[in-house]
Structures are given as structure tokens and as C-alpha cells.
$ cat query_4.csv   # CSV, C-alpha atoms and all ligand atoms
chain,number,residue,atom,x,y,z
A,220,MET,CA,-23.5,-73.5,-28.6
A,221,GLU,CA,-23.5,-76.6,-26.6
A,222,CYS,CA,-20.5,-77.8,-28.4
A,223,PHE,CA,-18.7,-74.5,-27.7
A,224,GLY,CA,-19.5,-75.0,-24.0
A,225,VAL,CA,-17.9,-78.4,-24.1
A,226,VAL,CA,-14.9,-76.9,-25.7
A,227,ILE,CA,-14.6,-74.3,-23.0
A,228,VAL,CA,-15.1,-76.9,-20.2
A,229,TYR,CA,-12.6,-79.1,-21.9
A,230,GLY,CA,-10.2,-76.2,-22.3
A,231,LEU,CA,-10.5,-75.3,-18.6
A,232,ASN,CA,-10.1,-78.9,-17.6
A,233,TYR,CA,-7.0,-79.1,-19.7
A,234,THR,CA,-5.5,-75.9,-18.2
A,235,PHE,CA,-6.3,-77.2,-14.7
A,236,ASN,CA,-4.7,-80.6,-15.3
A,237,TYR,CA,-1.7,-79.0,-17.0
A,238,THR,CA,-1.2,-76.6,-14.1
A,239,ILE,CA,-1.5,-79.3,-11.4
A,240,ASN,CA,0.9,-81.6,-13.3
A,241,GLN,CA,3.6,-78.9,-13.5
A,242,THR,CA,5.2,-79.9,-10.2
A,243,ARG,CA,8.9,-79.9,-10.1
A,244,GLY,CA,9.0,-83.7,-10.2
A,245,ASP,CA,8.0,-83.6,-13.9
A,246,GLU,CA,11.0,-81.5,-14.8
A,247,SER,CA,13.4,-83.4,-12.6
A,248,MET,CA,17.0,-83.4,-13.9
A,249,ILE,CA,17.8,-86.6,-11.9
A,250,SER,CA,16.5,-90.0,-12.7
A,251,GLN,CA,13.9,-91.6,-10.5
A,252,GLU,CA,16.3,-94.2,-9.3
A,253,MET,CA,18.8,-91.6,-8.3
A,254,GLU,CA,16.1,-89.6,-6.6
A,255,LYS,CA,15.1,-92.7,-4.6
A,256,GLU,CA,18.7,-93.4,-3.6
A,257,LEU,CA,19.4,-89.8,-2.6
A,258,ASN,CA,16.3,-89.9,-0.5
A,259,GLU,CA,17.6,-93.1,1.2
A,260,GLN,CA,20.8,-91.3,1.9
A,261,ILE,CA,18.9,-88.4,3.6
A,262,ASN,CA,17.4,-91.1,5.8
A,263,ARG,CA,20.9,-92.6,6.6
A,264,GLU,CA,22.3,-89.2,7.5
A,265,LEU,CA,19.4,-88.5,9.8
A,266,TYR,CA,19.7,-91.9,11.4
A,267,SER,CA,23.4,-91.1,11.9
A,268,SER,CA,22.4,-87.9,13.7
A,269,TYR,CA,20.0,-89.9,15.9
A,270,LEU,CA,22.7,-92.5,16.6
A,271,TYR,CA,25.2,-89.9,17.7
A,272,LEU,CA,22.6,-88.1,19.8
A,273,SER,CA,21.9,-91.4,21.6
A,274,MET,CA,25.6,-91.9,22.2
A,275,ALA,CA,25.8,-88.3,23.5
A,276,THR,CA,23.1,-88.8,26.1
A,277,PHE,CA,24.7,-92.1,27.3
A,278,LEU,CA,28.1,-90.4,27.6
A,279,ALA,CA,26.7,-87.4,29.5
A,280,GLU,CA,25.0,-89.8,31.9
A,281,LYS,CA,28.4,-91.4,32.6
A,282,ASN,CA,30.0,-88.0,33.2
A,283,PHE,CA,32.0,-87.9,30.0
A,284,ASP,CA,30.8,-84.4,29.2
A,285,GLY,CA,33.5,-83.7,26.6
A,286,MET,CA,32.7,-86.8,24.6
A,287,ALA,CA,29.0,-86.0,24.9
A,288,GLN,CA,29.7,-82.5,23.4
A,289,PHE,CA,31.7,-84.1,20.6
A,290,MET,CA,28.8,-86.4,19.8
A,291,LYS,CA,26.3,-83.5,19.8
A,292,VAL,CA,28.4,-81.6,17.3
A,293,GLN,CA,28.7,-84.8,15.2
A,294,ALA,CA,24.9,-85.2,15.3
A,295,ARG,CA,24.4,-81.6,14.1
A,296,GLU,CA,26.8,-82.2,11.3
A,297,GLU,CA,24.8,-85.3,10.1
A,298,VAL,CA,21.7,-83.1,9.9
A,299,GLU,CA,23.6,-80.7,7.8
A,300,HIS,CA,24.6,-83.6,5.5
A,301,ALA,CA,21.0,-84.6,5.2
A,302,MET,CA,20.0,-81.0,4.4
A,303,LYS,CA,22.7,-80.7,1.7
A,304,ILE,CA,21.1,-83.7,-0.1
A,305,TYR,CA,17.6,-82.3,0.6
A,306,HIS,CA,18.6,-79.0,-1.1
A,307,TYR,CA,20.3,-80.8,-4.0
A,308,ILE,CA,17.2,-82.9,-4.8
A,309,GLU,CA,15.1,-79.7,-4.7
A,310,GLU,CA,17.6,-77.8,-6.9
A,311,GLN,CA,17.5,-80.6,-9.5
A,312,GLY,CA,13.7,-80.5,-9.6
A,313,GLY,CA,13.3,-83.8,-7.7
A,314,ARG,CA,11.0,-84.7,-4.9
A,315,VAL,CA,12.2,-85.1,-1.3
A,316,LEU,CA,10.4,-88.0,0.4
A,317,LEU,CA,11.0,-88.4,4.1
A,318,LYS,CA,10.7,-91.8,5.7
A,319,GLY,CA,10.7,-93.0,9.3
A,320,ILE,CA,14.0,-93.0,11.1
A,321,ASP,CA,15.0,-96.3,12.8
A,322,GLU,CA,15.4,-96.3,16.6
A,323,PRO,CA,19.1,-96.1,17.5
A,324,PRO,CA,20.6,-98.3,20.2
A,325,SER,CA,20.5,-96.6,23.6
A,326,ASP,CA,22.5,-99.0,25.7
A,327,PHE,CA,26.3,-98.8,25.4
A,328,THR,CA,29.1,-100.1,27.5
A,329,ASP,CA,32.0,-97.6,27.5
A,330,PRO,CA,33.7,-94.9,25.4
A,331,LEU,CA,35.9,-97.3,23.5
A,332,THR,CA,33.0,-99.4,22.2
A,333,ILE,CA,31.0,-96.2,21.4
A,334,PHE,CA,33.8,-94.9,19.2
A,335,GLU,CA,34.4,-98.3,17.7
A,336,LYS,CA,30.7,-98.4,16.8
A,337,SER,CA,30.9,-94.9,15.3
A,338,LEU,CA,33.8,-95.9,13.1
A,339,GLU,CA,32.0,-99.0,12.0
A,340,HIS,CA,28.9,-96.8,11.2
A,341,GLU,CA,31.0,-94.3,9.3
A,342,LYS,CA,32.4,-97.1,7.2
A,343,PHE,CA,28.9,-98.2,6.4
A,344,VAL,CA,28.0,-94.7,5.3
A,345,THR,CA,31.1,-94.4,3.2
A,346,LYS,CA,30.0,-97.6,1.4
A,347,SER,CA,26.6,-96.1,0.7
A,348,ILE,CA,28.2,-92.9,-0.7
A,349,HIS,CA,30.4,-94.9,-2.9
A,350,ASP,CA,27.4,-96.9,-4.2
A,351,LEU,CA,25.7,-93.6,-5.0
A,352,VAL,CA,28.8,-92.4,-6.9
A,353,SER,CA,28.8,-95.7,-8.9
A,354,LEU,CA,25.1,-95.2,-9.7
A,355,ALA,CA,25.8,-91.6,-10.9
A,356,VAL,CA,28.6,-92.8,-13.1
A,357,ASP,CA,26.4,-95.6,-14.5
A,358,LYS,CA,23.7,-93.2,-15.3
A,359,LYS,CA,26.1,-90.6,-16.8
A,360,ASP,CA,24.7,-88.2,-14.2
A,361,TYR,CA,27.8,-86.1,-13.9
A,362,ALA,CA,26.1,-83.3,-11.9
A,363,THR,CA,25.2,-85.7,-9.1
A,364,LYS,CA,28.7,-87.3,-9.3
A,365,ALA,CA,30.2,-83.8,-8.8
A,366,PHE,CA,27.8,-83.1,-5.9
A,367,LEU,CA,28.8,-86.4,-4.2
A,368,ASP,CA,32.5,-85.7,-4.4
A,369,TRP,CA,32.2,-83.5,-1.3
A,370,PHE,CA,30.7,-86.4,0.6
A,371,VAL,CA,33.5,-88.8,-0.6
A,372,THR,CA,36.1,-86.4,0.9
A,373,GLU,CA,34.0,-85.8,4.1
A,374,GLN,CA,33.8,-89.5,4.7
A,375,VAL,CA,37.6,-89.9,4.5
A,376,GLU,CA,37.7,-87.2,7.3
A,377,GLU,CA,35.0,-88.8,9.3
A,378,GLU,CA,36.6,-92.2,9.3
A,379,ALA,CA,40.0,-90.8,10.1
A,380,THR,CA,38.6,-88.8,13.1
A,381,MET,CA,36.8,-91.8,14.6
A,382,ASP,CA,39.8,-94.1,13.9
A,383,GLY,CA,42.1,-91.6,15.7
A,384,ILE,CA,39.9,-91.5,18.8
A,385,VAL,CA,39.6,-95.3,18.8
A,386,ASN,CA,43.4,-95.7,18.7
A,387,LYS,CA,43.8,-93.2,21.6
A,388,LEU,CA,41.2,-94.9,23.7
A,389,LYS,CA,42.9,-98.3,23.1
A,390,MET,CA,46.2,-96.9,24.3
A,391,ILE,CA,44.6,-95.3,27.3
A,392,GLY,CA,42.7,-98.4,28.4
A,393,ASP,CA,41.2,-97.8,31.8
A,394,LYS,CA,43.7,-95.2,33.0
A,395,GLY,CA,41.2,-92.7,34.6
A,396,HIS,CA,43.4,-89.7,34.3
A,397,ALA,CA,44.2,-90.1,30.6
A,398,LEU,CA,40.5,-90.8,29.9
A,399,LEU,CA,39.6,-87.5,31.6
A,400,MET,CA,42.2,-85.7,29.5
A,401,ILE,CA,40.9,-87.1,26.2
A,402,ASP,CA,37.3,-86.3,27.4
A,403,ALA,CA,38.4,-82.6,27.9
A,404,GLN,CA,40.1,-82.6,24.6
A,405,LEU,CA,37.1,-83.9,22.7
A,406,GLY,CA,34.9,-81.4,24.5
A,407,LYS,CA,36.7,-78.6,22.7
A,408,ARG,CA,35.0,-79.5,19.4
A,409,GLU,CA,32.8,-76.7,18.2
A,410,GLY,CA,30.1,-76.8,15.6
A,411,HIS,CA,30.5,-74.7,12.5
B,501,FE,FE,27.2,-87.8,7.2
B,502,FE,FE,29.1,-89.1,9.4
$ encode --input "query_4.csv" --output "C-alpha cells"
Amino acid sequence: MECFGVVIVYGLNYTFNYTINQTRGDESMISQEMEKELNEQINRELYSSYLYLSMATFLAEKNFDGMAQFMKVQAREEVEHAMKIYHYIEEQGGRVLLKGIDEPPSDFTDPLTIFEKSLEHEKFVTKSIHDLVSLAVDKKDYATKAFLDWFVTEQVEEEATMDGIVNKLKMIGDKGHALLMIDAQLGKREGH
């Protein structure tokens, strides 16, 4: 009888442990290393959003309302990038692990340096995406590789946009009228 009880208790215990351990993490279709790196990328995308928001507030303070609007849209897009990865990790049965976001710079000098900094930042993000692609290929993780293709294309676009604006701002220099024109033009950017 006693023995039977033990068997029942053991059985319940087994069921309990089995149930608890059936989190999605156990059935993950991506490797732990890939999961870790994708989580890092979520952090980088959210930092990007933070950086562009910080730039937006500085630009608005300097009365470049159009450029501020451009940066706010950019910031929203970066959150969308983070969420794309968030959903991908979930879809693959992985675990999203959010970490603290670094404080972005808050002191800038002028629109040209802001857009130069943005271009430099996008180049850094491109490199991190390329590193993720290399890892996916190394791991023969073709699903993640296919998922990342969208980001590779997006980064080409992001760099081209920032580069275009930097070039225009260099041409303009400190000609006030032209600066206001480009400000108005950038303000037309709408979120999707
Ligand atoms: Fe991004
Ligand atoms: Fe970006």
C-alpha cells in the first residue's frame, strides 16, 4: 500500500515536472547561440530607436521640425525591426530575453553631424546583421538565414537613405534657405 502511494506521488511529481519543463524553449528550432545573438539584435534595434528619438528631440529643439519628424518615424521603424525578431524567436519556439538599453547621446551639434552619426550607426547595424547571416550559414540554419534576408535588404535601403541626406546636407552647408527646404522635405516622411 505504502509502496503504491509512493508510486502515485512519484507519478504526480513526474507529471508536474514534465508539464513545467514543456516550455517552448525545450522545443526550440534555433540553436542557443542563435537565440542569444537574435536577442542581442533586438537590443541593438531598440537602441537604434532610442538613438533616433534622442536625435528627434534635439532637432525639434533647434526648430528643425521636419527632420525631427523624420527621426520619429525612423525610431518607430526600429521598434518594428525589434518586434520582427521578437516574433521570429517566439515562432521558432525560442525565448525572448530583454536586456537594458544603453543611454543614447543627447547632445548633438547640427543636422549634418546627426545624419553622419546615423549613417555610421546604420553601418554598424549592417555589420551585425551580416554577422548573424554568417552564423546562420555556419549552423546550417536556413530558416533564420531566410528570415534575415529581409534585414539585409532593409539595411541597404537604410544606409542609402542616410547617405543621400548626408550628401545633400554637405552641398547645402550653412545656406539657411536650402536647409529649411530639406527640413520641409524630410518632414513629409510618414510611418507605415
Ligand atoms: Fe533596424
Ligand atoms: Fe536602422
$ closest_atom_pairs --input "query_4.csv" --of "chain A" --to "ligand FE 501 (chain B)" --cutoff "7 Å" --atoms "only C-alpha atoms and all ligand atoms" --output "Markdown table"
| residue | atom | partner | partner_atom | distance |
| --- | --- | --- | --- | --- |
| A:Glu264 | CA | B:FE501 | FE | 5.1 |
| A:Ser267 | CA | B:FE501 | FE | 6.9 |
| A:Glu296 | CA | B:FE501 | FE | 7.0 |
| A:Glu297 | CA | B:FE501 | FE | 4.5 |
| A:His300 | CA | B:FE501 | FE | 5.2 |
$ closest_residue --input "query_4.csv" --among "A:Lys318, A:Asp402, A:Ser347, A:Glu378" --to "ligand FE 502 (chain B)" --atoms "all atoms listed in the file"
A:Glu378
$ closest_residue --input "query_4.csv" --among "A:Glu246, A:Asn262, A:Gln404, A:Val385" --to "A:Gly319" --atoms "all atoms listed in the file"
A:Asn262
$ atom_distance --input "query_4.csv" --atom1 "atom CA of A:Phe366" --atom2 "atom CA of A:Lys303"
9.5 Å
$ atom_distance --input "query_4.csv" --atom1 "atom CA of A:Asp393" --atom2 "atom CA of A:Glu376"
26.9 Å
$ residues_around --input "query_4.csv" --residues "A:Val298" --least-positions-apart "2" --cutoff "12 Å" --atoms "only C-alpha atoms" --output "list in words"
Gln260, Ile261, Asn262, Arg263, Glu264, Leu265, Tyr266, Ser267, Ser268, Tyr269, Leu270, Tyr271, Leu272, Lys291, Val292, Gln293, Ala294, Arg295, Glu296, His300, Ala301, Met302, Lys303, Ile304, Tyr305 and Gly410 of chain A
$ atom_distance --input "query_4.csv" --atom1 "atom CA of A:Gly313" --atom2 "atom CA of A:Asn258"
9.9 Å
$ residues_around --input "query_4.csv" --residues "stretch 280-286 of chain A" --least-positions-apart "3" --cutoff "6 Å" --atoms "all atoms listed in the file" --output "number ranges by chain"
A: 277, 289, 402-403, 405-406
$ write_last_selection --input "query_4.csv" --atoms "C-alpha atoms" --output "CSV table (one decimal), keeping the file's coordinate frame"
chain,number,residue,atom,x,y,z
A,277,PHE,CA,24.7,-92.1,27.3
A,289,PHE,CA,31.7,-84.1,20.6
A,402,ASP,CA,37.3,-86.3,27.4
A,403,ALA,CA,38.4,-82.6,27.9
A,405,LEU,CA,37.1,-83.9,22.7
A,406,GLY,CA,34.9,-81.4,24.5
$ closest_residue --input "query_4.csv" --among "A:Glu322, A:Glu335, A:Asp329, A:Asp360" --to "A:Thr380" --atoms "all atoms listed in the file"
A:Glu335
$ closest_residue --input "query_4.csv" --among "A:Glu409, A:Glu341, A:Glu309, A:Glu259" --to "ligand FE 502 (chain B)" --atoms "all atoms listed in the file"
A:Glu341
